[in-house]
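Enquirer: Next up, start-v6.txt (compact mmCIF, C-alpha atoms).
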# COMPACT_ATOMS: atom_id res chain seq x y z
CA MET A 1 18.18 -13.09 19.77
CA SER A 2 19.07 -10.67 16.94
CA ASP A 3 17.19 -7.46 16.25
CA PHE A 4 15.86 -9.06 13.07
CA ASP A 5 14.47 -12.02 15.02
CA ARG A 6 12.91 -9.70 17.54
CA LEU A 7 11.19 -7.68 14.85
CA ASP A 8 10.07 -10.88 13.18
CA ARG A 9 8.51 -12.02 16.44
CA LEU A 10 6.88 -8.65 16.95
CA ARG A 11 5.17 -8.91 13.56
CA GLY A 12 3.21 -11.82 14.94
CA TYR A 13 1.29 -9.48 17.20
CA PHE A 14 0.00 -7.20 14.48
CA HIS A 15 -2.70 -7.97 11.97
CA THR A 16 -4.79 -10.18 14.14
CA GLY A 17 -7.64 -7.80 14.59
CA GLU A 18 -7.79 -5.09 11.99
CA THR A 19 -10.78 -4.70 9.77
CA ALA A 20 -9.74 -3.04 6.54
CA ILE A 21 -12.82 -1.12 5.53
CA ALA A 22 -12.80 2.15 3.59
CA LYS A 23 -13.98 5.11 5.66
CA PRO A 24 -15.23 8.53 4.57
CA ASP A 25 -12.05 10.17 5.79
CA CYS A 26 -9.71 7.78 3.95
CA LEU A 27 -6.96 9.55 2.03
CA GLY A 28 -7.36 10.48 -1.62
CA GLU A 29 -4.90 9.44 -4.30
CA LEU A 30 -3.03 12.73 -4.20
CA GLU A 31 -2.48 12.52 -0.43
CA VAL A 32 -1.36 8.89 -0.65
CA ALA A 33 1.04 9.82 -3.46
CA ALA A 34 2.41 12.81 -1.55
CA LEU A 35 2.90 10.79 1.64
CA ALA A 36 4.65 8.00 -0.25
CA GLU A 37 7.08 10.36 -1.98
CA GLY A 38 7.47 12.57 1.11
CA THR A 39 6.25 15.85 -0.38
CA LEU A 40 3.16 16.56 1.71
CA ASP A 41 3.64 19.79 3.66
CA ALA A 42 4.10 19.46 7.41
CA GLU A 43 0.63 20.53 8.48
CA LEU A 44 -1.20 18.31 5.98
CA ARG A 45 1.15 15.45 6.75
CA SER A 46 0.41 15.65 10.47
CA ARG A 47 -3.30 15.57 9.75
CA ALA A 48 -2.94 12.66 7.31
CA LEU A 49 -0.81 10.63 9.73
CA VAL A 50 -3.50 10.83 12.41
CA HIS A 51 -5.75 8.95 10.00
CA VAL A 52 -3.06 6.60 8.64
CA ALA A 53 -2.14 5.59 12.20
CA THR A 54 -5.48 3.82 12.58
CA CYS A 55 -6.40 2.92 9.00
CA ALA A 56 -4.93 -0.30 7.65
CA LEU A 57 -6.22 0.41 4.13
CA CYS A 58 -4.47 3.77 3.83
CA ARG A 59 -1.31 2.43 5.45
CA ARG A 60 -1.23 -0.40 2.92
CA ALA A 61 -1.81 2.06 0.08
CA VAL A 62 1.06 4.29 1.20
CA ALA A 63 3.39 1.32 1.67
CA SER A 64 2.36 -0.13 -1.67
CA VAL A 65 2.98 3.12 -3.59
CA ALA A 66 6.30 3.66 -1.81
CA GLU A 67 7.32 0.15 -2.86
CA ALA A 68 6.19 0.78 -6.44
CA LEU A 69 8.22 4.00 -6.62
CA VAL A 70 11.46 2.07 -6.12
CA ASP A 71 10.51 -0.67 -8.59
CA GLY A 72 13.09 -0.52 -11.40
CA PRO A 73 10.75 -0.46 -14.43
CA ILE A 74 8.51 2.18 -12.83
CA THR A 75 11.47 4.36 -11.81
CA HIS A 76 12.82 4.04 -15.35
CA GLU A 77 9.56 5.19 -16.92
CA ILE A 78 9.13 8.05 -14.44
CA GLU A 79 12.57 9.34 -15.32
CA ILE A 80 11.64 9.23 -19.00
CA VAL A 81 8.31 11.04 -18.66
CA GLU A 82 9.94 13.65 -16.44
CA GLY A 83 12.65 14.21 -19.02
CA ARG A 84 15.51 12.93 -16.88
CA ARG A 85 16.26 9.98 -19.12
CA ARG A 86 15.95 9.26 -22.83
CA ARG A 87 14.09 6.21 -24.03
CA MET B 88 15.27 23.54 -20.80
CA LEU B 89 13.27 20.53 -19.71
CA PRO B 90 9.52 21.01 -19.74
CA HIS B 91 9.31 20.17 -16.06
CA ALA B 92 11.86 22.76 -15.06
CA ARG B 93 9.80 25.70 -16.23
CA SER B 94 6.97 25.73 -13.75
CA VAL B 95 6.86 26.53 -10.05
CA PRO B 96 6.93 25.54 -7.25
CA THR B 97 9.83 23.14 -7.08
CA VAL B 98 10.99 20.88 -4.31
CA ALA B 99 14.11 18.82 -3.76
CA LEU B 100 13.37 15.13 -3.89
CA SER B 101 15.95 12.43 -3.56
CA ASN B 102 15.50 9.78 -6.19
CA VAL B 103 16.36 6.12 -5.93
CA GLN B 104 19.97 6.66 -6.91
CA GLY B 105 20.32 8.82 -3.83
CA TYR B 106 21.21 12.15 -5.40
CA ILE B 107 19.21 15.31 -5.01
CA GLN B 108 17.56 16.76 -8.06
CA PRO B 109 14.92 19.47 -8.29
CA HIS B 110 11.54 18.38 -9.57
CA SER B 111 8.46 20.37 -10.15
CA LEU B 112 5.35 19.24 -8.35
CA GLU B 113 3.37 20.90 -11.15
CA GLY B 114 4.82 18.20 -13.38
CA PRO B 115 3.72 18.23 -16.99
CA ALA B 116 1.73 21.46 -16.77
CA LEU B 117 3.21 22.64 -20.06
CA ASP B 118 3.16 19.32 -21.86
CA PRO B 119 1.37 19.25 -25.23
CA TRP B 120 -1.45 17.03 -23.98
CA VAL B 121 -2.24 19.50 -21.20
CA ALA B 122 -2.28 22.34 -23.70
CA GLU B 123 -4.75 20.40 -25.85
CA LEU B 124 -6.85 19.65 -22.79
CA ARG B 125 -6.99 23.34 -21.93
CA ARG B 126 -8.11 24.08 -25.47
CA GLY B 127 -10.96 21.63 -24.96
CA ARG B 128 -9.61 19.19 -27.55
CA VAL B 129 -10.19 16.11 -25.47
CA ASP B 130 -9.46 13.44 -28.07
CA ALA B 131 -6.20 15.04 -29.11
CA ALA B 132 -5.22 15.49 -25.46
CA TRP B 133 -5.96 11.83 -24.77
CA ASP B 134 -3.89 10.61 -27.70
CA LEU B 135 -0.92 12.72 -26.63
CA PHE B 136 -1.31 11.71 -22.97
CA LEU B 137 -1.44 8.04 -23.80
CA ASP B 138 1.53 8.34 -26.12
CA GLN B 139 3.56 9.84 -23.28
CA TYR B 140 2.36 7.79 -20.33
CA ARG B 141 1.41 4.40 -21.79
CA ARG B 142 4.66 2.76 -20.72
CA LEU B 143 4.48 4.13 -17.19
CA ILE B 144 0.90 2.90 -16.85
CA PHE B 145 1.91 -0.56 -18.06
CA ALA B 146 4.91 -0.61 -15.70
CA ALA B 147 2.64 0.27 -12.76
CA ILE B 148 0.12 -2.42 -13.72
CA ARG B 149 2.86 -5.03 -14.17
CA HIS B 150 4.12 -4.24 -10.68
CA TYR B 151 0.95 -5.94 -9.42
CA ALA B 152 -0.17 -8.23 -12.24
CA GLN B 153 1.87 -10.66 -14.28
CA ASP B 154 -0.60 -12.53 -16.47
CA TYR B 155 -0.72 -10.96 -19.94
CA ASP B 156 -4.50 -11.07 -20.16
CA ASP B 157 -4.87 -9.52 -16.71
CA VAL B 158 -2.45 -6.73 -17.61
CA MET B 159 -4.30 -5.93 -20.82
CA ASP B 160 -7.69 -6.01 -19.11
CA VAL B 161 -6.50 -3.73 -16.31
CA PHE B 162 -4.95 -1.37 -18.88
CA ALA B 163 -8.30 -1.14 -20.66
CA GLN B 164 -9.98 -0.42 -17.33
CA VAL B 165 -7.43 2.27 -16.46
CA CYS B 166 -7.90 3.91 -19.87
CA GLU B 167 -11.67 3.80 -19.53
CA SER B 168 -11.48 5.33 -16.07
CA LEU B 169 -9.13 8.10 -17.16
CA ARG B 170 -11.13 8.89 -20.31
CA GLU B 171 -14.57 9.02 -18.76
CA THR B 172 -16.38 12.34 -18.55
CA GLU B 173 -13.89 14.08 -20.84
CA LEU B 174 -10.78 13.15 -18.88
CA LYS B 175 -12.31 14.32 -15.62
CA ARG B 176 -9.70 12.65 -13.42
CA LEU B 177 -6.84 14.28 -15.31
CA CYS B 178 -8.65 17.63 -15.28
CA THR B 179 -9.20 17.33 -11.54
CA TYR B 180 -5.47 16.99 -10.98
CA PHE B 181 -4.66 20.12 -12.96
CA GLU B 182 -7.54 22.16 -11.60
CA ARG B 183 -6.04 22.08 -8.12
CA PRO B 184 -4.34 25.36 -7.25
CA SER B 185 -1.26 23.49 -6.05
CA HIS B 186 -0.03 19.92 -6.07
CA SER B 187 1.42 18.07 -3.16
CA ALA B 188 2.66 15.15 -5.28
CA ARG B 189 4.29 14.85 -8.68
CA PHE B 190 1.96 13.94 -11.52
CA SER B 191 3.83 10.71 -12.22
CA THR B 192 3.49 9.59 -8.58
CA TRP B 193 -0.18 10.50 -8.57
CA LEU B 194 -0.64 8.47 -11.76
CA VAL B 195 1.14 5.44 -10.26
CA THR B 196 -1.09 5.75 -7.18
CA LEU B 197 -4.22 5.97 -9.31
CA VAL B 198 -3.18 2.96 -11.40
CA ARG B 199 -2.48 1.01 -8.20
CA HIS B 200 -5.96 1.77 -6.86
CA LEU B 201 -7.64 0.88 -10.15
CA THR B 202 -5.62 -2.33 -10.43
CA VAL B 203 -6.51 -3.46 -6.91
CA ASP B 204 -10.17 -2.55 -7.51
CA TRP B 205 -10.18 -4.48 -10.78
CA PHE B 206 -8.85 -7.63 -9.12
CA ARG B 207 -11.17 -7.21 -6.15
CA HIS B 208 -14.14 -6.91 -8.48
CA ARG B 209 -13.10 -9.73 -10.78
CA ASP B 210 -12.12 -12.10 -8.01
CA GLY B 211 -15.03 -11.07 -5.85
CA ARG B 212 -17.82 -13.34 -4.91
CA ARG B 213 -18.15 -14.61 -8.45
CA ARG B 214 -15.28 -17.04 -8.32
CA LEU B 215 -12.23 -18.13 -6.44
CA SER B 216 -8.89 -17.76 -8.08
CA THR B 217 -7.26 -20.84 -9.54
CA VAL B 218 -4.84 -20.81 -6.62
CA ALA B 219 -7.62 -20.82 -4.05
CA ALA B 220 -9.51 -23.57 -5.84
CA GLU B 221 -6.48 -25.80 -5.40
CA LEU B 222 -6.31 -25.22 -1.65
CA PRO B 223 -7.57 -27.73 0.90
CA PRO B 224 -11.13 -26.92 2.11
CA LEU B 225 -10.16 -25.17 5.37
CA ARG B 226 -7.58 -22.92 3.68
CA ARG B 227 -9.98 -22.20 0.83
CA ARG B 228 -12.52 -21.06 3.41
CA ILE B 229 -9.89 -18.88 5.07
CA PHE B 230 -9.01 -17.46 1.65
CA GLU B 231 -12.68 -16.61 1.08
CA PHE B 232 -12.96 -14.82 4.42
CA LEU B 233 -9.72 -12.87 4.14
CA PHE B 234 -9.33 -12.13 0.45
CA ILE B 235 -12.87 -12.09 -0.87
CA ASP B 236 -15.02 -11.05 2.08
CA LYS B 237 -12.23 -8.78 3.43
CA ARG B 238 -12.69 -10.06 6.98
CA SER B 239 -10.05 -9.49 9.63
CA HIS B 240 -8.21 -12.48 11.05
CA VAL B 241 -10.23 -12.31 14.24
CA GLU B 242 -13.56 -12.11 12.41
CA SER B 243 -12.57 -15.00 10.17
CA TYR B 244 -11.64 -17.08 13.19
CA GLU B 245 -14.91 -16.36 14.93
CA LEU B 246 -16.91 -17.08 11.76
CA LEU B 247 -15.09 -20.35 11.23
CA LYS B 248 -15.96 -21.39 14.77
CA SER B 249 -19.56 -20.22 14.76
CA SER B 250 -20.79 -20.92 11.24
CA ASP B 251 -18.47 -23.68 10.08
CA GLY B 252 -18.22 -25.44 13.44
CA CYS B 253 -14.46 -25.47 13.15
CA ASP B 254 -12.71 -26.49 16.37
CA LEU B 255 -9.34 -24.76 16.22
CA THR B 256 -7.46 -22.72 18.79
CA PHE B 257 -6.56 -19.24 17.62
CA GLY B 258 -2.93 -20.32 17.34
CA GLN B 259 -3.87 -23.27 15.12
CA PHE B 260 -6.07 -20.98 13.07
CA LEU B 261 -3.20 -18.52 12.55
CA ALA B 262 -0.98 -21.39 11.44
CA GLU B 263 -3.59 -22.22 8.79
CA VAL B 264 -3.80 -18.54 7.82
CA SER B 265 -0.05 -18.39 7.44
CA ALA B 266 -0.05 -21.53 5.28
CA THR B 267 -2.82 -20.04 3.14
CA TYR B 268 -0.81 -16.85 2.62
CA ARG B 269 2.29 -18.84 1.72
CA ALA B 270 0.35 -20.89 -0.81
CA VAL B 271 -1.21 -17.91 -2.58
CA ALA B 272 1.82 -15.62 -2.33
CA SER B 273 4.16 -18.13 -3.90
CA GLY B 274 2.33 -17.91 -7.20
CA ARG B 275 2.54 -15.34 -9.98
CA ARG B 276 -0.19 -13.33 -8.35
CA GLY B 277 1.53 -13.02 -4.99
CA ARG B 278 1.89 -9.25 -5.02
CA ILE B 279 -1.70 -8.47 -5.94
CA LEU B 280 -2.98 -11.01 -3.44
CA ARG B 281 -1.02 -9.25 -0.73
CA GLU B 282 -2.78 -6.04 -1.76
CA LEU B 283 -6.13 -7.78 -1.49
CA GLY B 284 -5.47 -9.58 1.74
CA GLY B 285 -2.93 -7.54 3.69
CA PRO B 286 0.25 -8.85 5.31
CA ALA B 287 0.34 -12.38 6.65
CA PRO B 288 0.58 -13.06 10.37
CA HIS B 289 3.71 -14.63 11.82
CA VAL B 290 2.01 -17.36 13.71
CA GLU B 291 4.93 -19.22 15.17
CA ASP B 292 5.08 -16.44 17.75
CA VAL B 293 1.71 -17.13 19.29
CA GLU B 294 2.62 -18.73 22.56
CA ASP B 295 -0.51 -18.48 24.62
CA GLU B 296 -3.37 -19.92 22.64
CA GLN B 297 -5.76 -19.72 25.54
CA VAL B 298 -5.87 -15.96 25.43
CA SER B 299 -8.54 -14.74 23.03
CA ALA B 300 -7.52 -12.89 19.89
CA GLY B 301 -9.74 -10.01 20.90
CA GLU B 302 -7.84 -9.53 24.15
CA GLY B 303 -4.51 -9.52 22.34
CA ARG B 304 -5.81 -6.99 19.86
CA ASP B 305 -7.18 -4.71 22.57
CA GLU B 306 -3.93 -4.77 24.49
CA LEU B 307 -1.87 -4.07 21.41
CA GLU B 308 -4.29 -1.33 20.42
CA GLY B 309 -3.88 0.19 23.88
CA ALA B 310 -0.10 0.07 23.62
CA LEU B 311 -0.14 1.62 20.15
CA ALA B 312 -2.44 4.36 21.42
CA CYS B 313 0.40 5.51 23.73
CA LEU B 314 2.41 6.53 20.67
CA SER B 315 2.16 9.70 18.64
CA PRO B 316 0.58 9.24 15.18
CA GLU B 317 4.04 9.62 13.58
CA GLU B 318 5.56 6.95 15.83
CA ARG B 319 2.64 4.62 15.36
CA VAL B 320 2.75 4.92 11.57
CA ALA B 321 6.53 4.43 11.64
CA VAL B 322 6.19 1.26 13.76
CA GLU B 323 3.46 -0.13 11.52
CA LEU B 324 5.28 0.68 8.26
CA TYR B 325 8.71 -0.44 9.42
CA VAL B 326 7.73 -3.51 11.42
CA VAL B 327 4.58 -4.76 9.71
CA GLU B 328 4.83 -3.50 6.15
CA GLU B 329 8.60 -4.08 6.19
CA MET B 330 9.28 -0.79 4.42
CA PRO B 331 12.92 0.35 4.32
CA ALA B 332 13.72 2.89 7.04
CA ASP B 333 14.58 5.66 4.56
CA ALA B 334 11.19 5.24 2.86
CA VAL B 335 9.46 5.38 6.27
CA ALA B 336 11.40 8.59 7.05
CA LYS B 337 9.94 10.23 3.94
CA VAL B 338 6.40 9.29 4.89
CA VAL B 339 6.54 10.54 8.48
CA GLY B 340 8.74 13.54 7.73
CA TRP B 341 11.84 12.53 9.66
CA PRO B 342 15.29 13.45 8.36
CA ASN B 343 16.75 10.01 7.69
CA ALA B 344 16.74 6.27 8.35
CA LYS B 345 18.63 6.68 11.62
CA ALA B 346 15.81 8.81 13.00
CA VAL B 347 13.40 6.00 12.11
CA TYR B 348 15.50 3.40 13.96
CA ASN B 349 15.69 5.65 17.01
CA HIS B 350 11.99 6.49 17.07
CA VAL B 351 10.83 2.94 16.37
CA TYR B 352 12.98 1.31 19.03
CA ARG B 353 11.97 3.99 21.53
CA ALA B 354 8.33 3.42 20.62
CA LEU B 355 8.73 -0.34 21.06
CA ALA B 356 10.22 0.29 24.50
CA VAL B 357 7.18 2.38 25.43
CA MET B 358 4.88 -0.38 24.17
CA ARG B 359 6.85 -3.01 26.04
CA ALA B 360 6.57 -1.03 29.26
CA ARG B 361 2.85 -0.64 28.77
CA LEU B 362 2.27 -4.29 27.91
CA SER B 363 4.42 -5.48 30.79
CA THR B 364 1.87 -3.99 33.16
CA LEU B 365 -0.90 -6.06 31.61
CA ASP B 366 -1.79 -9.71 31.50
CA GLY B 367 -2.36 -10.95 27.99
CA VAL B 368 -1.06 -12.34 24.77
CA GLY B 369 1.28 -9.47 24.06
CA ARG B 370 3.19 -9.49 27.32
CA PRO B 371 5.52 -12.48 27.27
CA THR B 372 7.19 -11.94 23.92
CA LEU B 373 7.08 -8.17 23.72
CA GLY B 374 8.73 -8.17 27.09
CA ARG B 375 11.81 -9.67 25.50
CA ILE B 376 12.02 -7.26 22.58
Once you've parsed the file, please lay out its structure as structure tokens.
Expert:
Amino acid sequence: MSDFDRLDRLRGYFHTGETAIAKPDCLGELEVAALAEGTLDAELRSRALVHVATCALCRRAVASVAEALVDGPITHEIEIVEGRRRR
Amino acid sequence: MLPHARSVPTVALSNVQGYIQPHSLEGPALDPWVAELRRGRVDAAWDLFLDQYRRLIFAAIRHYAQDYDDVMDVFAQVCESLRETELKRLCTYFERPSHSARFSTWLVTLVRHLTVDWFRHRDGRRRLSTVAAELPPLRRRIFEFLFIDKRSHVESYELLKSSDGCDLTFGQFLAEVSATYRAVASGRRGRILRELGGPAPHVEDVEDEQVSAGEGRDELEGALACLSPEERVAVELYVVEEMPADAVAKVVGWPNAKAVYNHVYRALAVMRARLSTLDGVGRPTLGRI
């Protein structure tokens, strides 16, 4: 069995019991953004990860933003608004 | 000099091309629209902001929504949300003494949240999406539980059994869940539906249907609890969310993708050892990983 197959099998054991409900300590947009781009300072990151470890909503948000940040059209526009590329 | 290079602090961020370039986390602090905002000229600030960021907002919306009407409606909602109370959201960003994320990333995150909220509200209890309406009755019911009522898989299974009198094993139920995900994700709205419903289960791996879903969840939860928060997040993001290892490294603060591979496989070994001491749904297959 390849590593890929093993990981694929492992996925079957997640997401059978999580309830994705927003909690008072869920991360704000700035923390999600900073986690996704890897700029949260070490102390804040450690604190945020304690929450993300058990919160499916925040984990999904971080994964979703990280995915968006490597989406071609979004990257293109970010480079333009940050002055790294001309329109 | 670029406007973003003038302010402090700066941090080195690798971009998608892989080279290192300094970026200011203060972002557009000296942009004309911010200057207008600081002068209290809200309308002028808004016009300048929109002129500069309209395309980025549309790109972020289109990442999740493809239908033209949906995109335009979400854009209107995003504009309304940003404009309300004299650009309060934008002011809030700049009123912070320091910023942990770039303005553009914060804006993409905000647009993502507003887009997901818009779809959740629109597709809420009022109506099923066209895709769901075309599903067979059992899968439509599963769609309602998972995507509209935001139930977990286990809750949905138990509700189906108790209220709908459905006589399925948990394995059969997960097969139906998987088929429902495949049906809705294959359409134009696949990405936003994933946001609303979370990742699909891989049901072909459920070998022991006699073991209750709750037991499997508890055992997995116990195994995950053995890990540090960093390791647990890395396992979840890499294995479940299928994020690339280098992106996971950024989130958890590890140096590179190799560190993620090492940590994740070590974490899986710890979980395997823990699960191998238990009887339950996780043991047989995890024992082979």
Enquirer: Give the answer as one residue: which of B:Thr172, B:Ser250, B:Gln153, B:Ser187 has the shortest atom-to-atom distance to B:Thr202, using all atoms listed in the file?
Expert: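 Between B:Thr172, B:Ser250, B:Gln153, B:Ser187, the residue approaching B:Thr202 most closely is B:Gln153.
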Enquirer: Take atom CA of A:Asp41 and atom CA of A:Cys26 and report the distance between them in Å, one decimal.
Expert: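 Taking atom CA of A:Asp41 and atom CA of A:Cys26, their separation equals 18.0 Å.
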Enquirer: Distance atom CA of A:Ala33-atom CA of A:Val65, one decimal place?
Expert: 7.0 Å
Enquirer: Would you list the contacts of B:Val339 as a ChimeraX atom specification, taking every protein, DNA or RNA residue within 12 Å and counting only C-alpha atoms, but skipping same-chain residues closer than 3 positions in sequence?
Expert: /A:34-50,52-53,59,62-63 /B:315-325,332-336,342-344,346-347,350-351
Enquirer: Measuring between all atoms listed in the file, which one of B:Arg361, B:Arg149, B:Arg126, B:Arg353 shows the shortest distance to chain A?
Expert: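 Among the listed residues, B:Arg149 lies closest to chain A.
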Enquirer: Could you put an axis-aligned box around every listed atom of stretch 66-77 of chain A, padded by 3 Å on each side, and send me its centre and edge lengths in Å to one decimal, as AutoDock Vina command-line options?
Expert:
--center_x 9.6 --center_y 2.3 --center_z -9.4 --size_x 12.9 --size_y 11.9 --size_z 21.1
Enquirer: Determine, counting all atoms listed in the file, which protein, DNA and RNA residues have an atom within 12 Å of an atom of B:Asp254; residues of the same chain fewer than 5 positions away are not included. Present the result as a ChimeraX atom specification.
Expert: /B:225,244-249,259-260
Enquirer: Could you check how far atom CA of B:Leu135 sits from atom CA of B:Met159, in Å to one decimal?
Expert: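 Separation between atom CA of B:Leu135 and atom CA of B:Met159: 19.8 Å.
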Enquirer: Which residue is closest to chain A? Choose from B:Ala310, B:Leu222, B:Leu143, B:Leu124 and count only C-alpha atoms.
Expert: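 Of B:Ala310, B:Leu222, B:Leu143, B:Leu124, the one nearest chain A, counting only C-alpha atoms, is B:Leu143.
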Enquirer: Would you kindly return, as a VMD selection string, each protein, DNA or RNA residue with an atom no farther than 10 Å from any atom of B:Arg228, considering all atoms listed in the file and excluding same-chain residues fewer than 3 positions away?
Expert: chain B and resid 219 222 to 225 231 to 235 243 247 251 267
Enquirer: Leaving out A:Ile74 and any residue of its chain fewer than 6 positions from it, which residues lie within 7 Å of it when counting all atoms listed in the file, given as a count of residues only?
Expert: 4
Enquirer: List the spatial neighbours of A:Ile78 as a PyMOL selection string - criterion: any atom at most 12 Å away, all atoms listed in the file, same-chain residues fewer than 2 positions off excluded.
Expert: (chain A and resi 68-76+80-87) or (chain B and resi 102-103+110+114-115+139-147+189-195)
Enquirer: I'd like to know which of B:Arg227, B:Arg269, B:Tyr155, B:Tyr180 is closest to chain A, using all atoms listed in the file.
Expert: B:Tyr180
Enquirer: Of the residues B:Arg176, B:Leu311, B:His240, B:Thr196, which is the one nearest to A:Cys58, using all atoms listed in the file?
Expert: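 Nearest to A:Cys58: B:Thr196.
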Enquirer: My list of candidates is A:Glu77, A:Glu67, A:Glu31, A:Asp25. Which is closest to A:Cys55 when distances are computed with all atoms listed in the file?
Expert: A:Asp25
Enquirer: If I put a ball of radius 6 Å at (-2.9, 3.2, -14.3) in the file's coordinates, which residues poke into it when counting all atoms listed in the file, written as a PyMOL selection string?
Expert: chain B and resi 144+165+197-198
